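The file query16.pdb comes next; it holds PDB, C-alpha atoms.
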```pdb
ATOM      1  CA  GLN O   1     -33.943 -77.594  43.491
ATOM      2  CA  VAL O   2     -31.307 -78.129  46.170
ATOM      3  CA  GLN O   3     -30.731 -75.967  49.222
ATOM      4  CA  LEU O   4     -27.304 -75.945  50.843
ATOM      5  CA  VAL O   5     -26.721 -74.490  54.308
ATOM      6  CA  GLU O   6     -23.209 -73.878  55.625
ATOM      7  CA  SER O   7     -22.161 -73.549  59.247
ATOM      8  CA  GLY O   8     -18.988 -73.432  61.290
ATOM      9  CA  GLY O   9     -17.223 -70.277  60.172
ATOM     10  CA  GLY O  10     -15.651 -67.802  62.556
ATOM     11  CA  LEU O  11     -12.505 -66.095  63.738
ATOM     12  CA  VAL O  12      -9.381 -68.149  64.406
ATOM     13  CA  GLN O  13      -5.726 -67.386  65.017
ATOM     14  CA  PRO O  14      -3.059 -68.385  62.489
ATOM     15  CA  GLY O  15      -2.208 -72.052  62.869
ATOM     16  CA  GLY O  16      -5.622 -72.837  64.266
ATOM     17  CA  SER O  17      -8.400 -75.074  63.000
ATOM     18  CA  LEU O  18     -12.012 -74.742  61.928
ATOM     19  CA  ARG O  19     -14.583 -77.234  60.737
ATOM     20  CA  LEU O  20     -17.169 -76.181  58.169
ATOM     21  CA  SER O  21     -20.325 -78.182  57.530
ATOM     22  CA  CYS O  22     -22.778 -78.124  54.651
ATOM     23  CA  ALA O  23     -26.234 -79.646  54.955
ATOM     24  CA  ALA O  24     -28.136 -80.497  51.790
ATOM     25  CA  SER O  25     -31.914 -80.333  51.685
ATOM     26  CA  ARG O  26     -32.247 -83.803  50.169
ATOM     27  CA  SER O  27     -30.281 -86.965  49.421
ATOM     28  CA  ILE O  28     -27.924 -85.878  46.667
ATOM     29  CA  LEU O  29     -24.466 -86.955  47.791
ATOM     30  CA  ARG O  30     -24.442 -90.079  45.600
ATOM     31  CA  ILE O  31     -25.986 -88.160  42.698
ATOM     32  CA  TYR O  32     -24.032 -84.890  42.693
ATOM     33  CA  ASP O  33     -20.456 -83.851  43.297
ATOM     34  CA  MET O  34     -20.049 -81.642  46.365
ATOM     35  CA  GLY O  35     -17.470 -78.941  46.835
ATOM     36  CA  TRP O  36     -16.187 -75.912  48.681
ATOM     37  CA  TYR O  37     -15.175 -72.645  47.078
ATOM     38  CA  ARG O  38     -14.057 -69.415  48.684
ATOM     39  CA  GLN O  39     -14.016 -65.756  47.825
ATOM     40  CA  ALA O  40     -11.732 -63.274  49.492
ATOM     41  CA  GLN O  41     -12.615 -59.598  49.488
ATOM     42  CA  GLY O  42     -11.804 -58.052  46.118
ATOM     43  CA  LYS O  43     -10.936 -61.385  44.522
ATOM     44  CA  GLN O  44     -12.682 -63.942  42.345
ATOM     45  CA  ARG O  45     -14.280 -67.036  43.782
ATOM     46  CA  GLU O  46     -11.835 -69.944  43.743
ATOM     47  CA  PHE O  47     -12.005 -73.691  44.122
ATOM     48  CA  VAL O  48     -10.948 -75.176  47.476
ATOM     49  CA  ALA O  49     -11.933 -78.847  47.631
ATOM     50  CA  ALA O  50     -14.425 -81.325  46.202
ATOM     51  CA  ILE O  51     -15.711 -84.803  46.785
ATOM     52  CA  ALA O  52     -17.203 -86.523  43.785
ATOM     53  CA  LYS O  53     -20.350 -88.618  43.824
ATOM     54  CA  GLY O  54     -18.161 -91.719  43.828
ATOM     55  CA  GLY O  55     -16.100 -90.480  46.771
ATOM     56  CA  THR O  56     -12.961 -89.242  44.999
ATOM     57  CA  THR O  57     -11.519 -86.063  46.504
ATOM     58  CA  ASN O  58      -9.724 -83.150  44.899
ATOM     59  CA  TYR O  59      -7.967 -80.149  46.448
ATOM     60  CA  ALA O  60      -6.534 -76.841  45.408
ATOM     61  CA  ASP O  61      -2.743 -76.809  45.700
ATOM     62  CA  SER O  62      -2.939 -74.025  48.269
ATOM     63  CA  VAL O  63      -4.817 -76.221  50.778
ATOM     64  CA  LYS O  64      -3.389 -79.688  50.124
ATOM     65  CA  GLY O  65      -2.182 -81.308  53.309
ATOM     66  CA  ARG O  66      -4.049 -78.813  55.486
ATOM     67  CA  PHE O  67      -7.724 -79.206  54.516
ATOM     68  CA  THR O  68      -9.772 -82.403  54.370
ATOM     69  CA  ILE O  69     -13.175 -82.810  52.752
ATOM     70  CA  SER O  70     -15.461 -85.635  53.815
ATOM     71  CA  ARG O  71     -19.106 -86.583  53.623
ATOM     72  CA  ASP O  72     -21.819 -88.378  55.531
ATOM     73  CA  VAL O  73     -24.212 -89.743  52.946
ATOM     74  CA  ALA O  74     -26.819 -90.803  55.511
ATOM     75  CA  LYS O  75     -26.948 -87.274  56.963
ATOM     76  CA  ASN O  76     -26.652 -85.461  53.611
ATOM     77  CA  THR O  77     -23.722 -83.441  54.957
ATOM     78  CA  VAL O  78     -20.278 -82.493  53.689
ATOM     79  CA  THR O  79     -17.542 -81.311  56.021
ATOM     80  CA  LEU O  80     -14.382 -79.308  55.411
ATOM     81  CA  GLN O  81     -11.809 -79.733  58.168
ATOM     82  CA  MET O  82      -9.314 -76.881  57.988
ATOM     83  CA  ASN O  83      -6.040 -77.150  59.902
ATOM     84  CA  GLY O  84      -2.968 -74.969  59.893
ATOM     85  CA  LEU O  85      -4.995 -71.932  58.889
ATOM     86  CA  LYS O  86      -3.197 -68.946  57.431
ATOM     87  CA  PRO O  87      -4.275 -65.311  57.065
ATOM     88  CA  GLU O  88      -4.554 -65.874  53.311
ATOM     89  CA  ASP O  89      -7.305 -68.444  53.994
ATOM     90  CA  THR O  90      -9.559 -65.573  55.087
ATOM     91  CA  ALA O  91     -12.625 -65.561  52.839
ATOM     92  CA  VAL O  92     -16.291 -66.360  52.575
ATOM     93  CA  TYR O  93     -16.561 -70.113  52.056
ATOM     94  CA  TYR O  94     -19.340 -71.494  49.890
ATOM     95  CA  CYS O  95     -20.680 -75.020  49.681
ATOM     96  CA  SER O  96     -21.470 -76.157  46.159
ATOM     97  CA  SER O  97     -23.208 -79.032  44.427
ATOM     98  CA  GLY O  98     -23.881 -80.253  40.924
ATOM     99  CA  PRO O  99     -23.295 -82.920  38.296
ATOM    100  CA  ARG O 100     -19.645 -81.788  38.050
ATOM    101  CA  TRP O 101     -17.684 -80.214  40.891
ATOM    102  CA  ALA O 102     -15.893 -77.883  38.488
ATOM    103  CA  ALA O 103     -19.185 -76.317  37.366
ATOM    104  CA  PRO O 104     -21.560 -76.205  40.352
ATOM    105  CA  ALA O 105     -25.278 -75.831  39.816
ATOM    106  CA  TYR O 106     -26.170 -74.965  43.397
ATOM    107  CA  TRP O 107     -24.586 -72.749  46.039
ATOM    108  CA  GLY O 108     -25.001 -72.136  49.733
ATOM    109  CA  GLN O 109     -25.224 -68.663  51.228
ATOM    110  CA  GLY O 110     -21.617 -68.695  52.439
ATOM    111  CA  THR O 111     -19.908 -68.580  55.818
ATOM    112  CA  GLN O 112     -17.146 -66.179  56.826
ATOM    113  CA  VAL O 113     -13.758 -67.517  57.880
ATOM    114  CA  THR O 114     -11.303 -64.993  59.294
ATOM    115  CA  VAL O 115      -7.745 -65.949  60.211
ATOM    116  CA  SER O 116      -6.115 -63.226  62.242
ATOM    117  CA  SER O 117      -4.121 -62.664  65.386
TER
END
```

Render the structure in this file as structure tokens.
Amino acid sequence: QVQLVESGGGLVQPGGSLRLSCAASRSILRIYDMGWYRQAQGKQREFVAAIAKGGTTNYADSVKGRFTISRDVAKNTVTLQMNGLKPEDTAVYYCSSGPRWAAPAYWGQGTQVTVSS
């Protein structure tokens, strides 16, 4: 079993930045892919970004060039740096983990990101 704990959400104005962190309960970053998904109110959960066990990154088209995913293997943490935030980025953001980033086996509890003036 893997526990994932997100932090760093909040309220930010359009064009601003936020940094989300995800701490894993054990050393899995070289075993599992790690990712971020988000779910806006009334919509389905959607993929945002992932970093594979080998270090390769992947992004949704809607966040390319604005968001950056990274990891610290020694600290068992994954970070999502979000720049140039837009109102449409408002959602609950979930950290994910599993053998394949496209089909996560584990989820965090989520952290709210609100982009509004």

Open item on the list: Evaluated on this file, the PyMOL selection byres ((chain O and resi 19) around 8) picks out some residues - which ones are they, written as a PyMOL selection string?
Closed with: chain O and resi 8-9+17-18+20-21+79-82

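What the PyMOL selection byres ((chain O and resi 51) around 9) grabs from this file is Asp33, Met34, Gly35, Ala49, Ala50, Ala52, Lys53, Gly54, Gly55, Thr56, Thr57, Asn58, Ile69, Ser70, Arg71, Val78 and Trp101 of chain O.
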
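Restricting the calculation to only C-alpha atoms, the smallest distance between Ala91 of chain O and any of O:Ile31, O:Leu11, O:Ala40, O:Ala23 is found for O:Ala40.
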
Evaluate the PyMOL selection byres ((chain O and resi 28) around 12) here and jot the selected residues down as a compact mmCIF listing (two decimals) with C-alpha atoms, in the frame of the given file.
```txt
# COMPACT_ATOMS: atom_id res chain seq x y z
CA GLN O 1 -33.94 -77.59 43.49
CA VAL O 2 -31.31 -78.13 46.17
CA GLN O 3 -30.73 -75.97 49.22
CA LEU O 4 -27.30 -75.94 50.84
CA ALA O 23 -26.23 -79.65 54.96
CA ALA O 24 -28.14 -80.50 51.79
CA SER O 25 -31.91 -80.33 51.68
CA ARG O 26 -32.25 -83.80 50.17
CA SER O 27 -30.28 -86.96 49.42
CA LEU O 29 -24.47 -86.96 47.79
CA ARG O 30 -24.44 -90.08 45.60
CA ILE O 31 -25.99 -88.16 42.70
CA TYR O 32 -24.03 -84.89 42.69
CA ASP O 33 -20.46 -83.85 43.30
CA MET O 34 -20.05 -81.64 46.36
CA ALA O 52 -17.20 -86.52 43.78
CA LYS O 53 -20.35 -88.62 43.82
CA GLY O 54 -18.16 -91.72 43.83
CA ARG O 71 -19.11 -86.58 53.62
CA ASP O 72 -21.82 -88.38 55.53
CA VAL O 73 -24.21 -89.74 52.95
CA ALA O 74 -26.82 -90.80 55.51
CA LYS O 75 -26.95 -87.27 56.96
CA ASN O 76 -26.65 -85.46 53.61
CA THR O 77 -23.72 -83.44 54.96
CA VAL O 78 -20.28 -82.49 53.69
CA SER O 96 -21.47 -76.16 46.16
CA SER O 97 -23.21 -79.03 44.43
CA GLY O 98 -23.88 -80.25 40.92
CA PRO O 99 -23.30 -82.92 38.30
CA TYR O 106 -26.17 -74.96 43.40
```

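Within the 12 Å cut-off around Ser62 of chain O, using all atoms listed in the file and omitting residues fewer than 2 positions from it on the same chain, the listed residues are O:Glu46, O:Phe47, O:Val48, O:Ala49, O:Asn58, O:Tyr59, O:Ala60, O:Lys64, O:Gly65, O:Arg66, O:Phe67, O:Met82, O:Gly84, O:Leu85, O:Lys86, O:Glu88, O:Asp89.
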
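With atom CA of Gly42 of chain O on one side and atom CA of Cys22 of chain O on the other, the separation reads 24.4 Å.
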
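Atom CA of Ser7 of chain O sits 21.6 Å away from atom CA of Gln44 of chain O.
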
Task: Among the residues O:Gln39, O:Ser117, O:Ala102, O:Trp107, the one that comes closest to Val5 of chain O [using only C-alpha atoms] - done: O:Trp107

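Each of O:Gly10, O:Thr90, O:Thr68, O:Gly15 was checked against Lys43 of chain O using all atoms listed in the file; the smallest atom-to-atom distance is that of O:Thr90.
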
Any chance you could turn segment 55-66 of chain O into a file with all heavy atoms, as a compact mmCIF listing (two decimals), in the first residue's frame?
```txt
# COMPACT_ATOMS: atom_id res chain seq x y z
N GLY O 55 12.16 8.67 -15.44
CA GLY O 55 12.39 10.10 -15.48
C GLY O 55 11.75 10.84 -16.65
O GLY O 55 11.76 12.07 -16.68
N THR O 56 11.19 10.12 -17.60
CA THR O 56 10.53 10.76 -18.74
C THR O 56 9.27 11.49 -18.29
O THR O 56 8.53 10.98 -17.46
CB THR O 56 10.15 9.71 -19.80
OG1 THR O 56 11.33 9.01 -20.19
CG2 THR O 56 9.54 10.38 -21.02
N THR O 57 9.05 12.68 -18.84
CA THR O 57 7.86 13.46 -18.46
C THR O 57 6.85 13.51 -19.59
O THR O 57 7.21 13.36 -20.78
CB THR O 57 8.25 14.88 -18.05
OG1 THR O 57 8.94 15.51 -19.14
CG2 THR O 57 9.14 14.88 -16.83
N ASN O 58 5.61 13.74 -19.22
CA ASN O 58 4.53 13.83 -20.19
C ASN O 58 3.52 14.85 -19.66
O ASN O 58 3.28 14.92 -18.44
CB ASN O 58 3.87 12.46 -20.35
CG ASN O 58 2.99 12.38 -21.58
OD1 ASN O 58 3.04 13.25 -22.45
ND2 ASN O 58 2.19 11.34 -21.67
N TYR O 59 2.94 15.64 -20.57
CA TYR O 59 2.02 16.70 -20.17
C TYR O 59 0.78 16.70 -21.05
O TYR O 59 0.83 16.38 -22.24
CB TYR O 59 2.69 18.07 -20.31
CG TYR O 59 3.88 18.27 -19.40
CD1 TYR O 59 5.17 17.98 -19.86
CD2 TYR O 59 3.72 18.74 -18.11
CE1 TYR O 59 6.27 18.15 -19.03
CE2 TYR O 59 4.81 18.92 -17.27
CZ TYR O 59 6.08 18.62 -17.73
OH TYR O 59 7.16 18.80 -16.91
N ALA O 60 -0.32 17.13 -20.44
CA ALA O 60 -1.51 17.40 -21.22
C ALA O 60 -1.25 18.63 -22.08
O ALA O 60 -0.51 19.54 -21.67
CB ALA O 60 -2.70 17.65 -20.31
N ASP O 61 -1.86 18.68 -23.26
CA ASP O 61 -1.64 19.81 -24.16
C ASP O 61 -2.03 21.13 -23.50
O ASP O 61 -1.40 22.17 -23.75
CB ASP O 61 -2.45 19.62 -25.44
CG ASP O 61 -1.87 18.54 -26.34
OD1 ASP O 61 -0.70 18.18 -26.16
OD2 ASP O 61 -2.60 18.07 -27.24
N SER O 62 -3.03 21.10 -22.65
CA SER O 62 -3.54 22.32 -22.04
C SER O 62 -2.56 22.97 -21.06
O SER O 62 -2.73 24.14 -20.72
CB SER O 62 -4.87 22.04 -21.33
OG SER O 62 -4.68 21.05 -20.32
N VAL O 63 -1.55 22.21 -20.60
CA VAL O 63 -0.62 22.77 -19.61
C VAL O 63 0.81 22.82 -20.12
O VAL O 63 1.69 23.34 -19.42
CB VAL O 63 -0.68 21.97 -18.28
CG1 VAL O 63 -2.10 21.89 -17.77
CG2 VAL O 63 -0.06 20.59 -18.43
N LYS O 64 1.06 22.32 -21.31
CA LYS O 64 2.43 22.33 -21.85
C LYS O 64 2.98 23.75 -21.91
O LYS O 64 2.29 24.68 -22.34
CB LYS O 64 2.45 21.72 -23.25
CG LYS O 64 2.47 20.21 -23.26
CD LYS O 64 2.51 19.66 -24.68
CE LYS O 64 2.49 18.15 -24.68
NZ LYS O 64 2.45 17.60 -26.06
N GLY O 65 4.21 23.90 -21.45
CA GLY O 65 4.84 25.20 -21.45
C GLY O 65 4.53 26.05 -20.24
O GLY O 65 5.16 27.09 -20.02
N ARG O 66 3.55 25.63 -19.44
CA ARG O 66 3.19 26.38 -18.24
C ARG O 66 3.47 25.58 -16.96
O ARG O 66 3.85 26.16 -15.95
CB ARG O 66 1.70 26.74 -18.27
CG ARG O 66 1.30 27.60 -19.45
CD ARG O 66 -0.15 28.09 -19.32
NE ARG O 66 -1.12 27.01 -19.30
CZ ARG O 66 -2.00 26.81 -18.33
NH1 ARG O 66 -2.04 27.60 -17.28
NH2 ARG O 66 -2.86 25.79 -18.40
```
